[in-house]
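Enquirer: Input file: target_25.pdb. Contents: PDB, C-alpha atoms.
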MODEL        1
ATOM      1  CA  MET A 835     -30.943 -10.233-244.107  1.00  0.00           C
ATOM      2  CA  ALA A 836     -29.451  -8.764-240.987  1.00  0.00           C
ATOM      3  CA  ASN A 837     -26.571  -6.692-239.718  1.00  0.00           C
ATOM      4  CA  PRO A 838     -24.490  -7.415-236.596  1.00  0.00           C
ATOM      5  CA  VAL A 839     -26.537  -5.114-234.355  1.00  0.00           C
ATOM      6  CA  GLN A 840     -29.747  -6.905-235.331  1.00  0.00           C
ATOM      7  CA  VAL A 841     -28.090 -10.281-234.778  1.00  0.00           C
ATOM      8  CA  ARG A 842     -26.792  -9.239-231.360  1.00  0.00           C
ATOM      9  CA  GLU A 843     -30.353  -8.241-230.364  1.00  0.00           C
ATOM     10  CA  PHE A 844     -32.132 -11.202-231.965  1.00  0.00           C
ATOM     11  CA  PHE A 845     -30.369 -14.157-230.359  1.00  0.00           C
ATOM     12  CA  PRO A 846     -30.792 -13.174-226.690  1.00  0.00           C
ATOM     13  CA  ALA A 847     -34.495 -12.590-227.379  1.00  0.00           C
ATOM     14  CA  ALA A 848     -34.744 -15.944-229.170  1.00  0.00           C
ATOM     15  CA  ARG A 849     -32.926 -17.710-226.333  1.00  0.00           C
ATOM     16  CA  GLU A 850     -35.332 -16.176-223.801  1.00  0.00           C
ATOM     17  CA  ARG A 851     -38.342 -17.497-225.714  1.00  0.00           C
ATOM     18  CA  LEU A 852     -36.799 -20.814-226.781  1.00  0.00           C
ATOM     19  CA  ALA A 853     -34.754 -21.794-223.741  1.00  0.00           C
ATOM     20  CA  ALA A 854     -34.798 -25.541-224.452  1.00  0.00           C
ATOM     21  CA  VAL A 855     -33.890 -25.228-228.146  1.00  0.00           C
ATOM     22  CA  GLU A 856     -30.379 -25.247-229.622  1.00  0.00           C
ATOM     23  CA  LEU A 857     -29.991 -22.035-231.569  1.00  0.00           C
ATOM     24  CA  THR A 858     -28.118 -22.278-234.848  1.00  0.00           C
ATOM     25  CA  ALA A 859     -27.170 -19.258-236.948  1.00  0.00           C
ATOM     26  CA  HIS A 860     -27.537 -19.347-240.719  1.00  0.00           C
ATOM     27  CA  PHE A 861     -26.049 -16.402-242.615  1.00  0.00           C
ATOM     28  CA  HIS A 862     -25.496 -15.554-246.249  1.00  0.00           C
ATOM     29  CA  ASN A 863     -22.788 -13.184-247.395  1.00  0.00           C
ATOM     30  CA  THR A 864     -24.831 -11.315-249.998  1.00  0.00           C
ATOM     31  CA  ARG A 865     -23.852  -7.883-248.719  1.00  0.00           C
ATOM     32  CA  GLY A 866     -20.547  -8.917-247.151  1.00  0.00           C
ATOM     33  CA  GLN A 867     -21.807  -9.115-243.566  1.00  0.00           C
ATOM     34  CA  GLY A 868     -21.818 -12.884-243.099  1.00  0.00           C
ATOM     35  CA  LEU A 869     -18.764 -13.276-240.870  1.00  0.00           C
ATOM     36  CA  ALA A 870     -19.539 -10.072-238.964  1.00  0.00           C
ATOM     37  CA  ASN A 871     -22.936 -11.589-238.197  1.00  0.00           C
ATOM     38  CA  VAL A 872     -21.256 -14.801-237.044  1.00  0.00           C
ATOM     39  CA  LEU A 873     -19.142 -12.787-234.613  1.00  0.00           C
ATOM     40  CA  ALA A 874     -22.224 -10.993-233.289  1.00  0.00           C
ATOM     41  CA  ALA A 875     -24.045 -14.320-232.842  1.00  0.00           C
ATOM     42  CA  LEU A 876     -20.998 -15.846-231.162  1.00  0.00           C
ATOM     43  CA  GLU A 877     -20.845 -12.917-228.738  1.00  0.00           C
ATOM     44  CA  ALA A 878     -24.568 -13.466-228.058  1.00  0.00           C
ATOM     45  CA  GLY A 879     -23.838 -17.046-226.995  1.00  0.00           C
ATOM     46  CA  VAL A 880     -24.555 -18.971-230.198  1.00  0.00           C
ATOM     47  CA  ASP A 881     -22.132 -21.827-230.811  1.00  0.00           C
ATOM     48  CA  SER A 882     -23.750 -23.608-233.757  1.00  0.00           C
ATOM     49  CA  PHE A 883     -23.392 -22.229-237.286  1.00  0.00           C
ATOM     50  CA  GLU A 884     -24.405 -23.382-240.741  1.00  0.00           C
ATOM     51  CA  SER A 885     -22.067 -22.770-243.638  1.00  0.00           C
ATOM     52  CA  SER A 886     -21.482 -24.191-247.084  1.00  0.00           C
ATOM     53  CA  PHE A 887     -18.446 -25.569-248.803  1.00  0.00           C
ATOM     54  CA  GLY A 888     -16.969 -22.805-250.971  1.00  0.00           C
ATOM     55  CA  GLU A 889     -20.040 -20.628-250.399  1.00  0.00           C
ATOM     56  CA  LEU A 890     -21.890 -22.876-252.840  1.00  0.00           C
ATOM     57  CA  GLY A 891     -25.643 -22.806-253.000  1.00  0.00           C
ATOM     58  CA  GLY A 892     -27.796 -19.768-253.059  1.00  0.00           C
ATOM     59  CA  CYS A 893     -30.985 -18.134-252.033  1.00  0.00           C
ATOM     60  CA  PRO A 894     -33.682 -17.463-254.618  1.00  0.00           C
ATOM     61  CA  VAL A 895     -35.263 -14.554-252.736  1.00  0.00           C
ATOM     62  CA  PRO A 896     -33.161 -11.370-253.073  1.00  0.00           C
ATOM     63  CA  PRO A 897     -31.533 -10.732-256.457  1.00  0.00           C
ATOM     64  CA  GLY A 898     -27.802 -11.454-256.395  1.00  0.00           C
ATOM     65  CA  ALA A 899     -27.985 -13.474-253.178  1.00  0.00           C
ATOM     66  CA  THR A 900     -25.065 -15.766-252.479  1.00  0.00           C
ATOM     67  CA  GLY A 901     -24.866 -19.095-250.745  1.00  0.00           C
ATOM     68  CA  ASN A 902     -24.281 -19.503-247.040  1.00  0.00           C
ATOM     69  CA  ILE A 903     -21.062 -18.121-245.631  1.00  0.00           C
ATOM     70  CA  SER A 904     -18.212 -20.338-246.737  1.00  0.00           C
ATOM     71  CA  THR A 905     -17.132 -23.099-244.398  1.00  0.00           C
ATOM     72  CA  GLU A 906     -13.501 -22.302-245.207  1.00  0.00           C
ATOM     73  CA  ASP A 907     -13.836 -18.673-244.116  1.00  0.00           C
ATOM     74  CA  LEU A 908     -15.896 -19.573-241.044  1.00  0.00           C
ATOM     75  CA  VAL A 909     -13.431 -22.206-239.847  1.00  0.00           C
ATOM     76  CA  SER A 910     -10.469 -19.931-240.539  1.00  0.00           C
ATOM     77  CA  MET A 911     -11.962 -17.033-238.582  1.00  0.00           C
ATOM     78  CA  LEU A 912     -13.044 -19.161-235.629  1.00  0.00           C
ATOM     79  CA  GLU A 913      -9.704 -20.979-235.404  1.00  0.00           C
ATOM     80  CA  GLU A 914      -7.815 -17.645-235.579  1.00  0.00           C
ATOM     81  CA  MET A 915      -9.979 -16.479-232.665  1.00  0.00           C
ATOM     82  CA  GLY A 916      -9.072 -19.558-230.635  1.00  0.00           C
ATOM     83  CA  VAL A 917     -12.455 -21.242-231.094  1.00  0.00           C
ATOM     84  CA  ALA A 918     -11.876 -24.938-231.820  1.00  0.00           C
ATOM     85  CA  THR A 919     -13.977 -26.262-234.692  1.00  0.00           C
ATOM     86  CA  GLY A 920     -12.713 -29.808-235.076  1.00  0.00           C
ATOM     87  CA  VAL A 921     -12.214 -29.141-238.795  1.00  0.00           C
ATOM     88  CA  GLU A 922      -8.787 -29.548-240.383  1.00  0.00           C
ATOM     89  CA  LEU A 923      -8.543 -26.296-242.349  1.00  0.00           C
ATOM     90  CA  PRO A 924      -5.648 -27.361-244.618  1.00  0.00           C
ATOM     91  CA  LYS A 925      -7.620 -30.426-245.751  1.00  0.00           C
ATOM     92  CA  LEU A 926     -10.759 -28.337-246.246  1.00  0.00           C
ATOM     93  CA  ILE A 927      -8.814 -25.849-248.389  1.00  0.00           C
ATOM     94  CA  GLU A 928      -7.313 -28.704-250.389  1.00  0.00           C
ATOM     95  CA  ALA A 929     -10.771 -30.160-251.054  1.00  0.00           C
ATOM     96  CA  SER A 930     -12.115 -26.733-252.029  1.00  0.00           C
ATOM     97  CA  ALA A 931      -9.269 -26.160-254.462  1.00  0.00           C
ATOM     98  CA  GLU A 932     -10.082 -29.493-256.097  1.00  0.00           C
ATOM     99  CA  ALA A 933     -13.773 -28.580-256.265  1.00  0.00           C
ATOM    100  CA  GLN A 934     -12.852 -25.371-258.095  1.00  0.00           C
ATOM    101  CA  LYS A 935     -11.013 -27.434-260.694  1.00  0.00           C
ATOM    102  CA  VAL A 936     -13.923 -29.833-261.129  1.00  0.00           C
ATOM    103  CA  LEU A 937     -16.459 -27.007-261.396  1.00  0.00           C
ATOM    104  CA  GLY A 938     -14.202 -24.954-263.646  1.00  0.00           C
ATOM    105  CA  ARG A 939     -14.875 -21.779-261.713  1.00  0.00           C
ATOM    106  CA  PRO A 940     -13.709 -20.080-258.523  1.00  0.00           C
ATOM    107  CA  LEU A 941     -15.582 -20.663-255.297  1.00  0.00           C
ATOM    108  CA  GLY A 942     -16.563 -17.770-253.031  1.00  0.00           C
ATOM    109  CA  ALA A 943     -14.284 -18.609-250.102  1.00  0.00           C
ATOM    110  CA  HIS A 944     -11.803 -15.808-249.414  1.00  0.00           C
ATOM    111  CA  VAL A 945      -9.405 -18.230-247.729  1.00  0.00           C
ATOM    112  CA  LEU A 946      -8.942 -19.953-251.102  1.00  0.00           C
ATOM    113  CA  VAL A 947      -7.541 -16.719-252.524  1.00  0.00           C
ATOM    114  CA  ALA A 948      -5.657 -15.290-249.551  1.00  0.00           C
ATOM    115  CA  GLY A 949      -4.725 -18.521-247.781  1.00  0.00           C
ATOM    116  CA  PRO A 950      -5.024 -19.111-244.057  1.00  0.00           C
ATOM    117  CA  VAL A 951      -3.202 -16.749-241.715  1.00  0.00           C
ATOM    118  CA  ASP A 952      -0.479 -19.220-240.790  1.00  0.00           C
ATOM    119  CA  HIS A 953       0.281 -19.773-244.488  1.00  0.00           C
ATOM    120  CA  ALA A 954      -0.088 -16.171-245.678  1.00  0.00           C
ATOM    121  CA  PRO A 955       2.299 -15.217-248.479  1.00  0.00           C
ATOM    122  CA  SER A 956       5.175 -13.019-247.378  1.00  0.00           C
ATOM    123  CA  GLU A 957       4.898  -9.368-248.360  1.00  0.00           C
TER     124      GLU A 957
ENDMDL
END
Output the structure of this file as structure tokens.

Expert:
Amino acid sequence: MANPVQVREFFPAARERLAAVELTAHFHNTRGQGLANVLAALEAGVDSFESSFGELGGCPVPPGATGNISTEDLVSMLEEMGVATGVELPKLIEASAEAQKVLGRPLGAHVLVAGPVDHAPSE
């Protein structure tokens, strides 16, 4: 578990000690800080992130832990920031919506509820 300040401090220190290693960030969204931690890691020079489809999965350690940050939310945020991901967000959202139907339950991706920015419902 980490917060953005810890992330911002950790990755430069890790890069200094592991100069020849690709650093990849892996965050859960258990306390709602997953995407904030991605931003902090991105600002610290990390450009490789793990995520999971629909925030599926989990972590058996802390009670109530969620899966990795959702791929849908990660891709949406990065693309909105002008960071190319190579992922077609509309197709990812379509696949996630189908997965919800198959599983018979909602997935944890916020983009599935709110929609991507360029397709936001009019208010």

Enquirer: On this structure, the PyMOL selection byres ((chain A and resi 874) around 9) would catch which residues? List them as a list of chain:residue names, sorted by chain and number.

Expert: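 Selected by the PyMOL selection byres ((chain A and resi 874) around 9) in this file: A:Asn837, A:Pro838, A:Val839, A:Gln840, A:Val841, A:Arg842, A:Leu869, A:Ala870, A:Asn871, A:Val872, A:Leu873, A:Ala875, A:Leu876, A:Glu877, A:Ala878, A:Gly879, A:Val880.
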
Enquirer: Just write the chosen residues, C-alpha atoms, as a CSV table (one decimal), in the coordinates of the input.

Expert:
chain,number,residue,atom,x,y,z
A,837,ASN,CA,-26.6,-6.7,-239.7
A,838,PRO,CA,-24.5,-7.4,-236.6
A,839,VAL,CA,-26.5,-5.1,-234.4
A,840,GLN,CA,-29.7,-6.9,-235.3
A,841,VAL,CA,-28.1,-10.3,-234.8
A,842,ARG,CA,-26.8,-9.2,-231.4
A,869,LEU,CA,-18.8,-13.3,-240.9
A,870,ALA,CA,-19.5,-10.1,-239.0
A,871,ASN,CA,-22.9,-11.6,-238.2
A,872,VAL,CA,-21.3,-14.8,-237.0
A,873,LEU,CA,-19.1,-12.8,-234.6
A,875,ALA,CA,-24.0,-14.3,-232.8
A,876,LEU,CA,-21.0,-15.8,-231.2
A,877,GLU,CA,-20.8,-12.9,-228.7
A,878,ALA,CA,-24.6,-13.5,-228.1
A,879,GLY,CA,-23.8,-17.0,-227.0
A,880,VAL,CA,-24.6,-19.0,-230.2

Enquirer: What does the PyMOL selection byres ((chain A and resi 893-907) around 6) select in this file, as a PyMOL selection string?

Expert: chain A and resi 861-864+868+885-892+908-910+943+945

Enquirer: Distance cut-off 8 Å, centre (-28.5, -24.6, -241.5) in file coordinates, counting only C-alpha atoms: which residues qualify? Return them as a short mmCIF file (atom, residue, chain, number, x, y, z; two decimals) with C-alpha atoms, in the frame of the given file.

Expert:
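Done, and the output landed in selection-v1.cif:
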data_model
loop_
_atom_site.label_atom_id
_atom_site.label_comp_id
_atom_site.auth_asym_id
_atom_site.auth_seq_id
_atom_site.Cartn_x
_atom_site.Cartn_y
_atom_site.Cartn_z
CA THR A 858 -28.12 -22.28 -234.85
CA ALA A 859 -27.17 -19.26 -236.95
CA HIS A 860 -27.54 -19.35 -240.72
CA PHE A 883 -23.39 -22.23 -237.29
CA GLU A 884 -24.40 -23.38 -240.74
CA SER A 885 -22.07 -22.77 -243.64
#

Enquirer: I'd like the interatomic distance between atom CA of A:Arg849 and atom CA of A:Gly916, to a tenth of an Å.

Expert: 24.3 Å

Enquirer: Just how far from atom CA of A:Gly949 is atom CA of A:Glu932, in Å to one decimal?

Expert: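 We find that atom CA of A:Glu932 and atom CA of A:Gly949 lie 14.8 Å from each other.
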